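Visitor: After the C-alpha cells below, expect a handful of questions from me.
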Amino acid sequence: MKLIFKRFGAYIIDILIVSIISALLSNIGSINYQLDKYAKIYEEVMDVTEKFGDKEITEKEYNKEIKNLTYTLDKNSTITTIISIACLIGYFGIFQFSQNGRTLGKRIFKLQVKKYKDGNLNIGNYLLRVLILNNVLFNIARLVLIYTLSKNTYMKTYDYVSNIQLIFQLLIIVSMFMSREGRGIHDIIAGTQVIDLKQIDEFENGSNKKVIDGEIIK
C-alpha cells in the first residue's frame with residue numbers, strides 16, 4: 001500500500017478519535033456554558049430552513065434570517081471551537097510528541113513522524129505541524145474575527161477565510177502527491193516527514209532491496 005494512502009487511513013482514524021473526544025467535552029454543560037443557547041439557536045435554524053422548504057417564507061426572507069442566525073450560532077459556538085482546538089493540539093501535538101511521532105492511527109498503519117533528514121523533533125515541530133495541517137490557525141482566526149468585527153463584516157470575511165482554508169487544504173493534499181517523499185506543505189514547514197515502519201523493517205531484514213517513492217521494489 002502506498003505511503004500516502006496509509007497516511008490518509010491513519011488520519012481518518014485519528015480525526016475520528018479527536019472528534020469524539022471533542023464532542024463529548026463540548027456536550028458537558030459545566031464546561032460549555034454556551035451549550036443550551038447554541039442548541040436553541042440551532043433549532044431556530046432548522047425551523048427557518050423547514051419554512052423555506054415548505055415555501056412559507058421567500059428566499060430573501062430566508063437569507064436574511066439565516067444570516068442573522070448563523071452569526072449568532074457562530075458566536076455561541078466559540079467554547080466548542082476552543083475545545084476542538086485544545087483537543088487537536090493535545091492529540092496531534094502533545095500526545096504525538098510523547099509517543100515519539102505515533103498517534104493511534106499511525107500505530108495501526110505502522111507509521112511514524114520523524115525529522116526530515118537528520119536530527120530529532122521537539123515539541124515545537126509537532127505544534128507547528130498541527131497548526132498548519134489541522135486548521136487550527138484558521139479556527140483561531142475565526143475566534144478573533146467573531147469578537148472584533150461587526151456582523152456584516154464578519155460574515156463577508158468568514159466566506160473569504162473559508163475559501164482560503166479550502167484552497168490551503170487542497171494544496172496540502174496536492175503537495176503530498178507531488179512530493180517524492182510524500183511530504184505536504186505542513187511537513188515542509190515543520191521540517192518533518194512520515195515514514196513507513198513496516199517497509200523499513202522489511203528492508204532491514206533483507207526481504208526487500210529498494211524503497212522508491214514509499215513503495216518496496218523487490
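Ligands are numbered from 1 in the order shown, residues from 1 within each chain, and chains are lettered A, B, ... in the order they appear in the C-alpha cells.
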Which neighbours of Ile164 in chain A fall inside 12 Å, counting only C-alpha atoms, when residues of the same chain fewer than 5 positions from it are skipped, and could you give them as a list in words?

Guide: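 Once the nearby chain positions are removed, what remains is Asn135, Leu137, Phe138, Ala141, Thr157, Tyr158, Asp159, Gln169, Leu170 and Leu171 of chain A.
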
Visitor: Contacts of range 87-98 of chain A at 6 Å or less, counting only C-alpha atoms, minus same-chain residues fewer than 3 places along, as a ChimeraX atom specification?

Guide: /A:84,101-103,126-127

Visitor: Leaving out range 62-73 of chain A and any residue of its chain fewer than 2 positions from it, which residues lie within 9 Å of it when counting only C-alpha atoms, given as a compact mmCIF listing (two decimals) with N, CA and C atoms, in the first residue's frame?

Guide:
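Done, and the output landed in selection_38.txt:
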```
# COMPACT_ATOMS: atom_id res chain seq x y z
N LYS A 37 -27.84 27.59 24.76
CA LYS A 37 -28.16 28.68 23.82
C LYS A 37 -27.86 28.25 22.39
N TYR A 38 -26.76 27.52 22.19
CA TYR A 38 -26.41 27.02 20.86
C TYR A 38 -27.50 26.09 20.34
N ALA A 39 -27.96 25.17 21.21
CA ALA A 39 -29.00 24.21 20.81
C ALA A 39 -30.29 24.93 20.43
N ILE A 41 -30.62 28.06 19.28
CA ILE A 41 -30.43 28.77 18.01
C ILE A 41 -30.41 27.78 16.85
N TYR A 42 -29.81 26.63 17.07
CA TYR A 42 -29.75 25.60 16.03
C TYR A 42 -31.16 25.14 15.66
N GLU A 44 -33.77 26.98 15.80
CA GLU A 44 -34.33 28.08 15.01
C GLU A 44 -33.87 28.00 13.56
N VAL A 45 -32.60 27.64 13.38
CA VAL A 45 -32.06 27.48 12.02
C VAL A 45 -32.82 26.38 11.28
N VAL A 48 -36.36 27.66 10.40
CA VAL A 48 -36.36 28.59 9.26
C VAL A 48 -36.12 27.83 7.96
N THR A 49 -35.21 26.87 7.99
CA THR A 49 -34.93 26.05 6.80
C THR A 49 -36.15 25.26 6.38
N LYS A 51 -39.29 26.08 6.99
CA LYS A 51 -40.28 27.02 6.46
C LYS A 51 -39.95 27.39 5.02
N PHE A 52 -38.68 27.56 4.74
CA PHE A 52 -38.26 27.90 3.37
C PHE A 52 -38.54 26.72 2.43
N ILE A 57 -41.84 31.08 3.55
CA ILE A 57 -41.12 32.35 3.50
C ILE A 57 -40.38 32.43 2.17
N THR A 58 -40.08 33.66 1.74
CA THR A 58 -39.40 33.85 0.46
C THR A 58 -37.89 33.62 0.64
N GLU A 59 -37.21 33.52 -0.48
CA GLU A 59 -35.76 33.32 -0.44
C GLU A 59 -35.06 34.50 0.21
N LYS A 60 -35.55 35.71 -0.05
CA LYS A 60 -34.97 36.91 0.54
C LYS A 60 -35.12 36.88 2.06
N LYS A 75 -21.21 32.79 17.17
CA LYS A 75 -20.78 33.46 18.39
C LYS A 75 -21.03 32.62 19.63
N ASN A 76 -22.01 31.72 19.53
CA ASN A 76 -22.31 30.86 20.67
C ASN A 76 -21.71 29.45 20.51
N SER A 77 -20.75 29.34 19.61
CA SER A 77 -20.03 28.07 19.46
C SER A 77 -18.54 28.25 19.69
N ILE A 146 -14.76 36.89 15.05
CA ILE A 146 -16.14 36.95 15.57
C ILE A 146 -16.28 37.96 16.69
N LYS A 151 -21.20 42.28 12.56
CA LYS A 151 -21.85 41.11 11.98
C LYS A 151 -21.67 41.05 10.46
N ASN A 152 -21.96 42.14 9.77
CA ASN A 152 -21.86 42.14 8.31
C ASN A 152 -20.43 41.91 7.83
N TYR A 154 -18.04 40.47 9.53
CA TYR A 154 -17.64 39.10 9.88
C TYR A 154 -18.14 38.10 8.85
N MET A 155 -19.40 38.19 8.45
CA MET A 155 -19.97 37.25 7.50
C MET A 155 -19.25 37.29 6.16
```

Visitor: Going by DSSP on the backbone, which bits of chain A are helix (DSSP H, G or I)? Write them as a ChimeraX atom specification, please.

Guide: /A:3-26,35-53,59-75,78-98,104-108,123-133,136-148,151-178,185-190,197-204

Visitor: CA of Ile167 in chain A and CA of Thr78 in chain A, how far apart in Å?

Guide: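 Here the two named atoms are 23.7 Å from each other.
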
Visitor: Neighbouring residues of Lys115 in chain A were defined as those with any atom within 12 Å, considering only C-alpha atoms; residues of the same chain fewer than 6 positions away were excluded. Please report them as a ChimeraX atom specification.

Guide: /A:97,100-101,121-126,129,183,187-195

Visitor: Take the residues that were just selected and, keeping C-alpha atoms, output them as a PDB file, in the first residue's frame.

Guide:
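As written to disk, selection-v1.pdb reads:
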```pdb
ATOM      1  CA  PHE A  97       5.253  14.082  20.681  1.00  0.00           C
ATOM      2  CA  ASN A 100       7.662   9.603  19.565  1.00  0.00           C
ATOM      3  CA  GLY A 101       5.693  10.628  16.497  1.00  0.00           C
ATOM      4  CA  LEU A 121      11.980  16.550  16.625  1.00  0.00           C
ATOM      5  CA  ASN A 122      10.969  18.782  19.524  1.00  0.00           C
ATOM      6  CA  ILE A 123       7.511  19.763  20.720  1.00  0.00           C
ATOM      7  CA  GLY A 124       7.707  22.904  18.563  1.00  0.00           C
ATOM      8  CA  ASN A 125       7.860  20.829  15.373  1.00  0.00           C
ATOM      9  CA  TYR A 126       4.699  18.952  16.329  1.00  0.00           C
ATOM     10  CA  ARG A 129       2.635  20.820  12.186  1.00  0.00           C
ATOM     11  CA  ARG A 183       5.755  15.472   2.267  1.00  0.00           C
ATOM     12  CA  ASP A 187       5.797  18.684   6.651  1.00  0.00           C
ATOM     13  CA  ILE A 188       8.000  21.084   4.708  1.00  0.00           C
ATOM     14  CA  ILE A 189       7.302  23.997   7.064  1.00  0.00           C
ATOM     15  CA  ALA A 190       7.601  21.878  10.235  1.00  0.00           C
ATOM     16  CA  GLY A 191      10.683  20.026   8.987  1.00  0.00           C
ATOM     17  CA  THR A 192       9.047  16.609   9.289  1.00  0.00           C
ATOM     18  CA  GLN A 193       8.351  13.509   7.240  1.00  0.00           C
ATOM     19  CA  VAL A 194       6.199  10.426   7.768  1.00  0.00           C
ATOM     20  CA  ILE A 195       7.923   7.058   7.382  1.00  0.00           C
TER      21      ILE A 195
END
```

Visitor: Pick out the closest residue to Val144 in chain A from this set: A:Lys117, A:Lys2, A:Ile82, A:Leu131. Count only C-alpha atoms.

Guide: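 Looking only at the distances to Val144 in chain A, the closest residue turns out to be A:Ile82.
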
Visitor: Rounded to one decimal place, report the CA of Asp14 in chain A-CA of Asn134 in chain A distance in Å.

Guide: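 Pair CA of Asp14 in chain A / CA of Asn134 in chain A returns 11.2 Å.
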
Visitor: Which is closer to Asn32 in chain A than all the others in A:Val136, A:Met46, A:Leu145, A:Ile83, using only C-alpha atoms?

Guide: A:Ile83

Visitor: List the neighbours of Arg107 in chain A out to 10 Å using only C-alpha atoms; skip same-chain residues closer than 6 positions along the sequence, and give me the result as a list in words.

Guide: Ala10, Gln99, Gly101 and Leu197 of chain A

Visitor: Based on the selection just made, write C-alpha atoms of those residues as a CSV table (one decimal), in the first residue's frame.

Guide:
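Once written, selection_31.csv looks like this:
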```
chain,number,residue,atom,x,y,z
A,10,ALA,CA,-4.3,6.9,9.8
A,99,GLN,CA,4.6,8.8,21.7
A,101,GLY,CA,5.7,10.6,16.5
A,197,LEU,CA,8.0,1.4,9.7
```

Visitor: Which residues of range 136-215 of chain A come within 12 Å of range 3-9 of chain A, and what is each one's closest atom pair and distance in Å (one decimal), counting only C-alpha atoms, sorted by chain and residue number, as a tab-separated table?

Guide:
```
residue	atom	partner	partner_atom	distance
A:Ile172	CA	A:Ile4	CA	12.0
A:Ile173	CA	A:Ile4	CA	9.5
A:Val174	CA	A:Ile4	CA	11.0
A:Ser175	CA	A:Ile4	CA	11.0
A:Met176	CA	A:Ile4	CA	7.3
A:Phe177	CA	A:Ile4	CA	7.3
A:Met178	CA	A:Ile4	CA	10.6
A:Ser179	CA	A:Ile4	CA	10.3
A:Arg180	CA	A:Ile4	CA	10.7
A:Glu181	CA	A:Leu3	CA	8.9
A:Gly182	CA	A:Ile4	CA	6.3
A:Arg183	CA	A:Ile4	CA	9.1
A:Gly184	CA	A:Ile4	CA	10.1
A:Gln193	CA	A:Arg7	CA	11.1
A:Val194	CA	A:Arg7	CA	8.1
A:Ile195	CA	A:Leu3	CA	7.8
A:Asp196	CA	A:Leu3	CA	6.7
A:Leu197	CA	A:Leu3	CA	10.3
A:Lys198	CA	A:Leu3	CA	10.5
A:Gln199	CA	A:Leu3	CA	9.6
A:Ile200	CA	A:Leu3	CA	11.9
A:Val211	CA	A:Leu3	CA	11.2
A:Ile212	CA	A:Leu3	CA	10.7
A:Asp213	CA	A:Leu3	CA	8.2
A:Gly214	CA	A:Leu3	CA	5.4
A:Glu215	CA	A:Leu3	CA	7.3
```

Visitor: What is the CA of Gly119 in chain A-CA of Leu104 in chain A distance in Å, reported with one decimal?

Guide: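 Computing the Euclidean distance for CA of Gly119 in chain A and CA of Leu104 in chain A yields 23.6 Å.
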
Visitor: Which is closest to Ile140 in chain A among A:Ser162, A:Asn27, A:Asn120, A:Thr81, if we use only C-alpha atoms?

Guide: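 Closest candidate: A:Thr81.
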
Visitor: Among chain A, which residues does DSSP mark as strand (DSSP E) when it is run on the backbone? Keep the chain and numbering as in the structure and answer as a PyMOL selection string.

Guide: chain A and resi 111-115+192-196+210-212+215-217
